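Trainee: Here it is, the structure, as C-alpha cells.
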2 protein chains.
Amino acid sequence: MTGAPRVSRRGLLGGGAAAAGVAGAFAAGRVSAAEPASSTAPVASYPFHGERQAGIVTPAQDRLHFVALDVTTEDRDELVALLKAWTEAAARMTQGASAGPVGAVDGPSNAPPDDTGEALDLAPSRLTITFGFGPGLFTKDGKDRFGIAARRPEALEQLPRFSADVLDPARSDGDICIQACADDPQVAVHAIRNLVRIGFGTTAVRWSQLGFGRTSTTSTSQSTPRNLFGFKDGTANIKAEEHDALGRHVWVGADDDPKAGWLAGGSYLVTRRINMTIEVWDRQSLDAQEQFVGRTKGSGAPLSGGEEMTEPDFAMKGSTGPVIPVDAHVRVVHPDLNEGVRILRRGYNFVDGSNDVGGLDAGLFFIAYLRDPRTHFIPLQRAMSKQDALMEYLRFTGQALFAVPPGVAEGEYVGQALFA
Amino acid sequence: MTGAPRVSRRGLLGGGAAAAGVAGAFAAGRVSAAEPASSTAPVASYPFHGERQAGIVTPAQDRLHFVALDVTTEDRDELVALLKAWTEAAARMTQGASAGPVGAVDGPSNAPPDDTGEALDLAPSRLTITFGFGPGLFTKDGKDRFGIAARRPEALEQLPRFSADVLDPARSDGDICIQACADDPQVAVHAIRNLVRIGFGTTAVRWSQLGFGRTSTTSTSQSTPRNLFGFKDGTANIKAEEHDALGRHVWVGADDDPKAGWLAGGSYLVTRRINMTIEVWDRQSLDAQEQFVGRTKGSGAPLSGGEEMTEPDFAMKGSTGPVIPVDAHVRVVHPDLNEGVRILRRGYNFVDGSNDVGGLDAGLFFIAYLRDPRTHFIPLQRAMSKQDALMEYLRFTGQALFAVPPGVAEGEYVGQALFA
C-alpha cells in the first residue's frame with residue numbers, strides 16, 4: 001500500500017503545493033471582500049488575504065464554530081511560528097484546500113497527515129477564518145509573556161460583570177480566538193479542529209462554541225433571520241455597504257490608540273453566551289412577547305407601524321402609554337438613545353444539549369465587532385441590564401473580548417505588525 | 001395592535017387549519033417514502049403518515065436534533081393526549097407548517113403562540129420526525145405506570161455495559177425519544193423545541209444531542225460522507241433500495257414477539273454517544289489510521305484493493321500478515337464474521353464544546369435501526385469492544401435503546417396500537 005497514490009485534497013492540489021500556489025489556483029473563484037455576494041449569485045469562497053480580515057463584514061454565513069485558546073508556551077518564537085503556520089493553513093482552507101498535505105502523492109505515509117480529512121469532499125462553503133487576541137496574550141499574572149505588553153491596546157482588558165451575569169469562567173476569556181464561519185458546519189468544524197491540531201503543544205482549547213443558525217445580516221443582500229425567541233434579529237445591524245458607519249463604529253482608527261498602532265484598521269470582538277429561558281418565554285402571550293421586543297413577531301415591523309425596515313416611532317402614544325414601551329428592547333438599544341452608537345452583530349443561535357431543569361440549554365451566542373468596547377459595548381450592555389424587558393428571559397453564561405488585527409497581506413502572517 | 005393580522009406561518013395556512021387540512025394542502029409536494037429522492041431531484045418534504053415512520057430509510061438528511069424525554073405524569077390519559085398532540089404537530093411541521101397557530105388571524109393574541117416562530121421563514125428542509133419508546137415507559141421502579149407493562153417487547157430492556165463504556169447517566173436512556181432530521185439545523189431544532197414545549201408538564205428533557213454532519217448513506221442516491229476520523233463512513237450500510245435486507249435486518253417481523261404485536265413493522269433504535277479522542281488520533285500516521293480502519297482514507301477502498309464499493313478480501317496476504325489486519329474495524333464488524341448481521345446506521349458527527357484536557361468534545365452520535373438488539377447489536381458491540389483497533393480512540397459516553405412503532409395512518413396517533 002505504501003507506494004500507492006494518496007489523497008490529493010478535493011482533487012485540486014498536488015501534495016507539495018505551497019500556500020502561494022493555492023492562492024493562484026483558486027484565483028478564478030475569488031471575489032473581493034469589498035463586493036459582497038448578492039443572494040442570487042452566491043460565491044464559492046472568499047479571499048483570505050486583504051485589507052481587513054474576512055468574517056467581519058463578509059455576508060454572514062449560516063454556521064459557526066468559534067474557539068478560544070490559551071497559549072501554553074512562554075516562548076515568543078514558538079508563538080510566532082504558530083501564527084505563521086495558522087496563516088498558511090487558514091489561507092488554504094478558506095480556498096477549499098486541506099490544511100496541509102494528507103500524505104503526499106508518492107510521499108511518506110508513515111507521518112501523521114497534515115489534514116484530518118473530514119472536509120476532503122466538501123466545497124469551500126464560503127469559509128472565513130478570523131483571528132483575535134485577548135488581554136491574556138499581553139500580560140498574564142502580571143507578566144509580560146511575549147514582550148508585547150507595552151503594545152496592549154488601552155481598551156483591551158477584561159470586560160466588567162453586568163447584572164444578570166452568571167459567567168462561567170470555563171466559557172469566558174481566552175488568549176486567542178478563532179472564528180470560523182461557513183455555510184456547511186462540517187467545513188467550519190474542520191477548520192477549527194485543524195487549527196487546534198496545529199497549535200497542539202503551543203495552545204490549548206479553553207472553550208468552543210458551535211452556532212447552527214445566523215442571527216444577523218451583514219449585507220443588504222441578505223434576508224433577516226430569526227433568533228430562538230422566534231423574532232427577526234439584526235434588522236438594524238450595520239451592513240457591509242455602509243462604509244461611513246463602518247469607519248465610525250467598527251474599524252479602529254489610525255489615531256485611536258497611539259500604543260497600539262498595529263490594531264489600526266482592525267476591530268474589537270465581543271462575545272457573550274446568552275442563555276434564553278425559552279421554556280418561560282414560550283409561555284408568554286404573543287402580545288407580551290411583542291411588547292418586550294418592540295416589534296411584531298411576524299414581519300418584524302416596529303409596533304409603531306410600517307414594515308421591518310421602518311424606523312420605530314418612540315414618541316407615538318397608545319391608550320396606556322407609548323406604543324413602543326419604555327423597556328422594549330428595540331428602544332433600549334436604539335442608537336438615538338445611546339449617543340448614536342451602532343455595532344456590527346454577527347451572532348448565532350445555539351443549542352448545547354439539555355439544562356438541569358428539564359429544558360434545552362439554548363440561546364444566542366452574541367458576537368459583535370466594534371471600534372471601542374468602552375464607547376460601543378459597555379454603556380449599551382449597562383443600559384440593557386438596567387431596563388431591557390428581555391433581561392428577565394436571559395442569562396449570560398460567558399463573555400470575552402479580543403482585539404482583531406487588520407487583514408493579512410500575501411506573504412505576511414496574522415498579527416505580524418504586533419510582533420514586528 | 002391587537003386587531004392587526006397575525007402571522008400565517010410561512011404563508012401557507014390560515015390560523016385554524018387542522019392537521020387533516022395540512023395533509024391535503026401539501027399533497028402535491030409529496031413523494032412516497034418507498035421512493036427515495038435521487039440526488040439530482042431533491043424533494044422539499046417527506047410525508048409524515050405512512051406504513052413506516054419517516055426518518056429511518058429516508059435518505060439521511062444533513063443535520064440532526066435528537067431528544068430523550070422522561071415522562072413526568074403518571075396519568076395514562078395525559079400521556080395519550082400528548083401523543084395525539086405530538087402527532088398533529090409533527091404532521092404539520094414536516095410539511096413546512098408551524099406546530100400550531102402563531103396567533104390566529106383576527107384571533108386572540110393574549111395567549112402564548114402555538115409555535116415558537118424561529119422557523120417561520122424557512123423551507124420544510126426535508127424534515128422527518130421519528131418517535132420511539134424506551135423501557136422506562138413500560139415499567140419504572142417496578143411499577144406498571146400506564147397499564148402497558150404486559151406489552152413491553154422482550155428485547156426492550158436497558159442495554160448492557162460494554163468495555164470502554166464510561167456512560168454518563170445524564171446522557172443515557174429515556175422514556176421517549178424524538179429524532180428530528182433536516183437539511184437546515186434550525187428546522188430540526190425548531191421541531192424538537194416545539195415538541196418539548198407541547199410536552200411541558202407531561203414530559204421533561206433528559207438529554208438532547210445535536211449532530212452537524214451525517215455519517216451515513218441510507219439510499220444509493222447519496223454519496224458517502226466522512227466521520228471525524230476523516231474516513232468515509234457508512235459505505236456498507238443497508239440502503240433503502242435493499243427491500244429484502246430491510247425485512248431481514250431492520251423491520252420487526254409480525255411474529256417476532258407475540259407480546260408486542262404493536263411493534264410489528266417497526267424497529268429498534270440504538271443510540272451511542274461515541275467520543276473520539278481526536279487529538280490522539282490526529283498524531284497517528286496515515287498508514288496506521290488506514291490499518292485501524294481497514295480502508296484507505298482518500299477513496300475509502302478496502303486495503304485489499306479496488307474502489308469504495310469493492311468487497312474487502314480478508315484472505316489477501318501481505319508481507320507481514322493479512323493486508324486487512326485482524327483487528328481492522330472493517331473486518332471486525334463485517335457481516336461475514338457476524339453471522340450475516342447488518343444494521344441500518346444513521347449517525348451524525350458532533351462537537352459539544354471543549355473537554356477538560358484542552359481539546360474538543362467531539363465524536364460520532366451513533367444511531368442504528370435494527371430488528372432485534374439481542375441479535376443485531378449486542379453481539380456486534382461485544383466483538384468491537386474485544387478486538388477493534390479503533391477502540392483505543394473511542395470513549396462511549398451515552399447510550400439508549402428505544403422501540404420504534406410502525407408508521408402512523410391518517411387520523412391515528414403515534415403508538416396508538418400500543419395503547420388501544
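If you're wondering about the labels, chains in the C-alpha cells are A, B, ... by order shown, residues count from 1 in each chain, ligands from 1 in order shown.
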Give me, as JSON lines, the closest atom pair and its distance (Å, one decimal) for every residue of range 306-379 of chain B within a cut-off of 9 Å of range 58-68 of chain B, counting only C-alpha atoms, rows sorted by chain and rising number.
Mentor:
{"residue": "B:Arg346", "atom": "CA", "partner": "B:Ala60", "partner_atom": "CA", "distance": 6.8}
{"residue": "B:Gly347", "atom": "CA", "partner": "B:Leu64", "partner_atom": "CA", "distance": 8.9}
{"residue": "B:Tyr348", "atom": "CA", "partner": "B:Leu64", "partner_atom": "CA", "distance": 7.1}
Trainee: Could you give me, as a tab-separated table, a per-residue list for chain B showing, wherever an atom lies at most 6 Å from an atom of chain A, the closest pair of atoms and their distance in Å to one decimal, using only C-alpha atoms and sorting by chain then residue number from low to high?
Mentor:
residue	atom	partner	partner_atom	distance
B:Val7	CA	A:Gly298	CA	4.8
B:Ser109	CA	A:Leu286	CA	5.3
B:Asn110	CA	A:Ser285	CA	5.0
B:Ala111	CA	A:Ser285	CA	4.4
B:Pro112	CA	A:Ser285	CA	3.8
B:Pro113	CA	A:Leu286	CA	5.8
B:Thr116	CA	A:Gly230	CA	5.5
B:Gly117	CA	A:Gly230	CA	4.0
B:Glu118	CA	A:Gly230	CA	4.0
B:Ala204	CA	A:Gly358	CA	4.6
B:Val205	CA	A:Gly358	CA	4.4
B:Trp207	CA	A:Ser354	CA	5.4
B:Ser208	CA	A:Gly353	CA	4.6
B:Gln209	CA	A:Gly353	CA	5.4
B:Arg226	CA	A:Glu118	CA	5.3
B:Leu228	CA	A:Glu118	CA	5.7
B:Gly230	CA	A:Glu118	CA	4.0
B:Arg283	CA	A:Pro112	CA	5.4
B:Gln284	CA	A:Pro112	CA	5.2
B:Ser285	CA	A:Pro112	CA	3.8
B:Leu286	CA	A:Ser109	CA	5.3
B:Asp287	CA	A:Ser109	CA	5.6
B:Gly298	CA	A:Val7	CA	4.8
B:Gly353	CA	A:Ser208	CA	4.6
B:Ser354	CA	A:Trp207	CA	5.4
B:Gly358	CA	A:Val205	CA	4.5
B:Gly359	CA	A:Val205	CA	5.4
Trainee: So which residues touch Gly266 in chain A within 8 Å, counting only C-alpha atoms, skipping near sequence neighbours fewer than 3 positions away, as an mmCIF file with N, CA and C atoms, in the first residue's frame?
Mentor:
data_model
loop_
_atom_site.group_PDB
_atom_site.id
_atom_site.type_symbol
_atom_site.label_atom_id
_atom_site.label_comp_id
_atom_site.auth_asym_id
_atom_site.auth_seq_id
_atom_site.Cartn_x
_atom_site.Cartn_y
_atom_site.Cartn_z
ATOM 1 N N ARG A 52 -8.749 43.956 5.288
ATOM 2 C CA ARG A 52 -9.400 43.565 6.542
ATOM 3 C C ARG A 52 -9.417 42.040 6.614
ATOM 4 N N GLN A 53 -9.529 41.502 7.801
ATOM 5 C CA GLN A 53 -9.783 40.070 7.911
ATOM 6 C C GLN A 53 -11.203 39.776 7.394
ATOM 7 N N TRP A 251 -14.347 49.876 12.574
ATOM 8 C CA TRP A 251 -12.888 49.802 12.378
ATOM 9 C C TRP A 251 -12.162 50.719 13.359
ATOM 10 N N VAL A 252 -11.097 50.208 13.945
ATOM 11 C CA VAL A 252 -10.236 51.019 14.804
ATOM 12 C C VAL A 252 -9.500 52.031 13.921
ATOM 13 N N LEU A 263 -3.127 47.794 15.604
ATOM 14 C CA LEU A 263 -4.555 47.443 15.561
ATOM 15 C C LEU A 263 -5.344 48.354 14.620
ATOM 16 N N ALA A 403 -8.950 41.728 20.605
ATOM 17 C CA ALA A 403 -8.554 42.722 19.604
ATOM 18 C C ALA A 403 -8.283 41.976 18.312
ATOM 19 N N VAL A 404 -8.939 42.428 17.253
ATOM 20 C CA VAL A 404 -8.875 41.724 15.970
ATOM 21 C C VAL A 404 -7.986 42.524 15.028
ATOM 22 N N PRO A 405 -6.794 42.035 14.746
ATOM 23 C CA PRO A 405 -5.894 42.799 13.878
ATOM 24 C C PRO A 405 -6.462 42.962 12.473
ATOM 25 N N PRO A 406 -5.925 43.928 11.738
ATOM 26 C CA PRO A 406 -6.419 44.107 10.370
ATOM 27 C C PRO A 406 -6.048 42.915 9.500
ATOM 28 N N GLY A 407 -6.352 43.023 8.222
ATOM 29 C CA GLY A 407 -6.136 41.917 7.295
ATOM 30 C C GLY A 407 -4.666 41.591 7.091
#
Trainee: Report, in Å with one decimal, the straight-line distance from CA of Glu392 in chain B to CA of Asn275 in chain B.
Mentor: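 These two atoms are separated by 11.2 Å.
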Trainee: Assign secondary structure with DSSP using the backbone only, and return the residues of range 164-293 of chain A in strand (DSSP E or B) as a PyMOL selection string.
Mentor: chain A and resi 165+176-182+200+203-211+213-214+226+232+267-276
Trainee: Between CA of Ala420 in chain B and CA of Val80 in chain B, what distance in Å does the model show, to one decimal?
Mentor: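 Calculated distance between CA of Ala420 in chain B and CA of Val80 in chain B is 10.0 Å.
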